[in-house]
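Reading through the structure tokens given below for one structure.
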Amino acid sequence: MSHTRRARLHAVLTSAGAAALVAGALIAPAASANDDQTTPTPAQSFQSVPRRPSVATPPTDQFIVKFKDPARAGSALRAQSVSRAAAKLGATAREVRATATGARVVRTSKEFGDGDADKLLASLRADPAVAYAEPDFKLQAKVANPNDPAFLDQWNLSAETGGIRATRAWDVTRGAGQVVAVVDTGITSHVDLDANVLAGYDMIADQATSGDNDGRDADATDPGDRSADNQCGDDVPGDPFSSWHGTHVAGIIAAVTNNRVGMAGAAPGAKILPVRVLGPCGGQESDTADAILWASGAPVPGTPINLHPARVINLSLGATEPCSQTFQDAIATATARGSVVVAAAGNEMAQASKSTPANCPNVISVAASGRSGALAPYSNFGPGVDITAPGGDMTPTTDEDPGSGFPNGILSTENDGETTATEGAGTNYYWSEGTSFAAPHVSAAAALLVAQMGPTATPAAVEARLKRTARPITGGCPQGCGAGRLDAANAVLHFSTVLAAGDFTGDGKADVLARENSGFLWLYPGNGSGGWLARRQVGAGWNGFTSLVAPGDFNGDRRADVLARDASGALWLYPGNGSGGFLTRVKVGSGWSGFTALIGPGDINGDGKADVLARDTTGALWLYPGNGRGGWLARTKAGSGWNAMTAVVGPGDLTGDRKADLLGRDASGVLWRYPGNGRGGFGARSQVGTGWNAMTAITGRGDYNGDAKTDILAVDTNGTLRLYRGNGLGGFPGWTGVGVGWG
């Protein structure tokens with residue numbers, strides 16, 4: 001059926017008028033970047049979106065080449081084949097190693113991209129002596145892009161500059177078990193949404209303005225919000241099209257994903273709780289406040305208790321008013337019950353502090369950014385903004401084509417009916433722009449974060465983490481864009497373990513290994529002056545281990561190793577290869593699940609071999625002396641009462657006496673040094689610091705700043721990695737920040 005639809009959904013933020021003096025301010029969806037109701041633009045569905053072209057071979061400097069003749073594979077002739085191919089592109093090549101199947105791993109002097117890798121491979125494959133040639137790709141254990149066909153057009157979820165990196169966050173969680181309330185126009189049936197929608201509620205009390213003439217009831221269906229001229233006030237022109245605003249918002253949050261239909265939701269494991277408060281002329285503040293309460297699970301007279309309390313409440317609506325006491329009370333109750341409240345900052349290109357309920361306490365106020373990551377031209381701004389998220393910017397990219405900017409909007413689920421919902425048209429998708437569509441990105445990220453943080457996560461903690469992990473606004477934002485651009489991956493991912501690995505790369509400088517809660521293991525090579533070289537991934541699947549230990553050289557090959565305990569209590573040795581990777585792992589023990597802490601202190605007993613300390617459930621500390629060959633000598637008891645310590649760290653020699661020491665943090669945050677006696681025991685302890693209970697991780701051993709004194713590293717509650725410079729006398733004169741985002 002041929003029809004038209006506004007690609008930019010209208011939503012004037014109406015101030016309280018004569019009709020609103022009794023019931024309160026009139027609230028409208030905060031969706032549009034303009035207030036023009038008179039110029040409809042053609043509808044766009046995802047089927048008409050141009051697909052991105054296929055990409056060439058990703059940039060790489062490593063290739064796998066197999067020769068047909070085994071004799072040639074073992075001769076200098078193979079080097080000539082590879083060198084000739086590389087020389088054509090202005091590079092040299094050298095063999096790195098042979099594979100188990102007899103192929104050769106070849107590394108070029110420069111990285112090839114933009115099709116040059118394909119040219120090199122084509123040249124090699126043209127050599128009659130070559131059986132095959134392939135790029136040696138770097139692999140990562142990660143959630144693949146979903147199979148929803150329109151996902152390719154959802155730049156807002158991608159790793160593009162303006163996207164929130166949702167798929168990376170899905171490595172950890174998809175928001176399963178979380179309920180997000182969409183307080184909006186209600187919802188329409190949609191094939192790409194229905195499976196994730198719970199039974200909601202229509203909270204519009206006035207039958208005359210509800211649009212469905214039913215008043216409050218358990219049917220949250222959106223009947224359409226079109227309006228006639230003068231219906232919403234004298235001389236106020238009508239809106240001939242229904243917006244299906246709530247359906248669009250809901251799809252951004254939790255459209256069904258990986259179903260080979262349509263699009264993907266940002267938190268596809270979450271459920272949507274639709275609560276209808278907006279009709280043809282907007283909605284009343286009183287209804288919206290009740291909806292917030294009901295969504296949180298609080299009692300609302302005349303309505304049944306919500307059996308699915310929302311951990312996140314999305315408010316893509318607003319009015320240009322101060323925050324009322326009515327809203328303050330409702331939001332305070334909701335947050336006290338554990339609900340994160342998210343609201344659109346508004347689209348007037350003005351101070352967000354003038355837009356309610358975004359300007360209320362305990363609300364995450366969301367401004368909108370475009371595809372480039374810059375503040376969208378219509379978005380509100382200023383100190384009233386907490387964070388910015390993709391809202392789209394559909395400004396035409398060419399004067400000749402008014403619709404050229406549509407793909408830079410936010411694609412989501414909608415109904416195809418112009419005025420009333422069209423049955424059987426549940427596979428349509430439209431682009432829109434506005435802070436209404438920025439807010440649900442934050443609501444989805446909050447759902448992902450709550451699922452990852454657990455049921456005790458408070459709204460304040462969720463907000464703090466979303467803001468702390470935000471990225472800078474492209475081009476800066478002197479107007480005020482809050483903490484920056486939402487990054488769902490940064491919010492959800494964190495380092496669950498930080499290990500001072502010693503010299504793991506063989507360059508004589510102390511390095512760090514960090515395990516992400518996704519299971520990725522990252523190497524941060526030290527630069528020898530208190531900083532880091534570019535990090536690289538050295539493993540995946542490490543979230544299956546309950547403890548990681550960096551004991552130093554445990555097998556006597558002069559390379560730093562890692563010990564890892566799995567859930568069964570087995571202890572595995574991952575021998576370092578001396579260049580930032582691992583050799584084949586070896587099982588070195590079982591029954592280690594009974595220990596509450598494992599520490600790699602270095603050489604505690606003075607025999608020149610790396611040892612391990614283990615604390616049992618009684619607080620006893622046991623020394624497991626290493627035999628220098630990757631195994632153990634008989635254990636001995638090294639202390640008792642250590643269950644009073646909330647952290648035990650093996651920093652190595654802090655005092656310069658060539659004996660390994662121990663650090664312990666007690667429950668009050670005092671850090672104690674236990675000097676090693678070089679025979680497997682410790683002397684009288686001394687206090688070296690206070691306030692250390694603010695550290696979420698403490699690790700040692702190594703000289704990180706190149707002064708030949710042992711330092712330690714710690715991560716504070718803001719996620720800052722701190723370097724505490726040792727003074728060689730057992731203390732730390734100060735610290736410097738050497739990284740952010742480590743929390």
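If you're wondering about the labels, chains in the structure tokens are A, B, ... by order shown, residues count from 1 in each chain, ligands from 1 in order shown.
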**Request:** Identify, on the basis of only C-alpha atoms, every residue whose closest approach to Met263 in chain A does not exceed 12 Å; exclude the query and any residue fewer than 2 positions from it along the same chain; express the result as an NGL selection string.
**Result:** :A and (45-47 or 145-157 or 190-193 or 248 or 251-261 or 265-266 or 268 or 410-414 or 427-431)
**Request:** Within 6 Å of range 698-707 of chain A, counting only C-alpha atoms, which residues show up once you throw out same-chain ones fewer than 6 positions away? Write them as a ChimeraX atom specification, please.
**Result:** /A:500,502,510,528-530,651-652,713-714
**Request:** Identify, on the basis of only C-alpha atoms, every residue whose closest approach to Ala421 in chain A does not exceed 8 Å; exclude the query and any residue fewer than 6 positions from it along the same chain; express the result as a ChimeraX atom specification.
**Result:** /A:188,222-224,415
**Message:** Applying 8 Å and only C-alpha atoms, which residues near Thr474 in chain A remain after dropping the ones on its own chain fewer than 4 positions away? List them as an NGL selection string.
**Reply:** :A and (372-375)
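When only C-alpha atoms are used to measure the gap to Arg226 in chain A, the shortest distance among A:Val179, A:Thr419, A:Pro301, A:Tyr132 belongs to A:Thr419.
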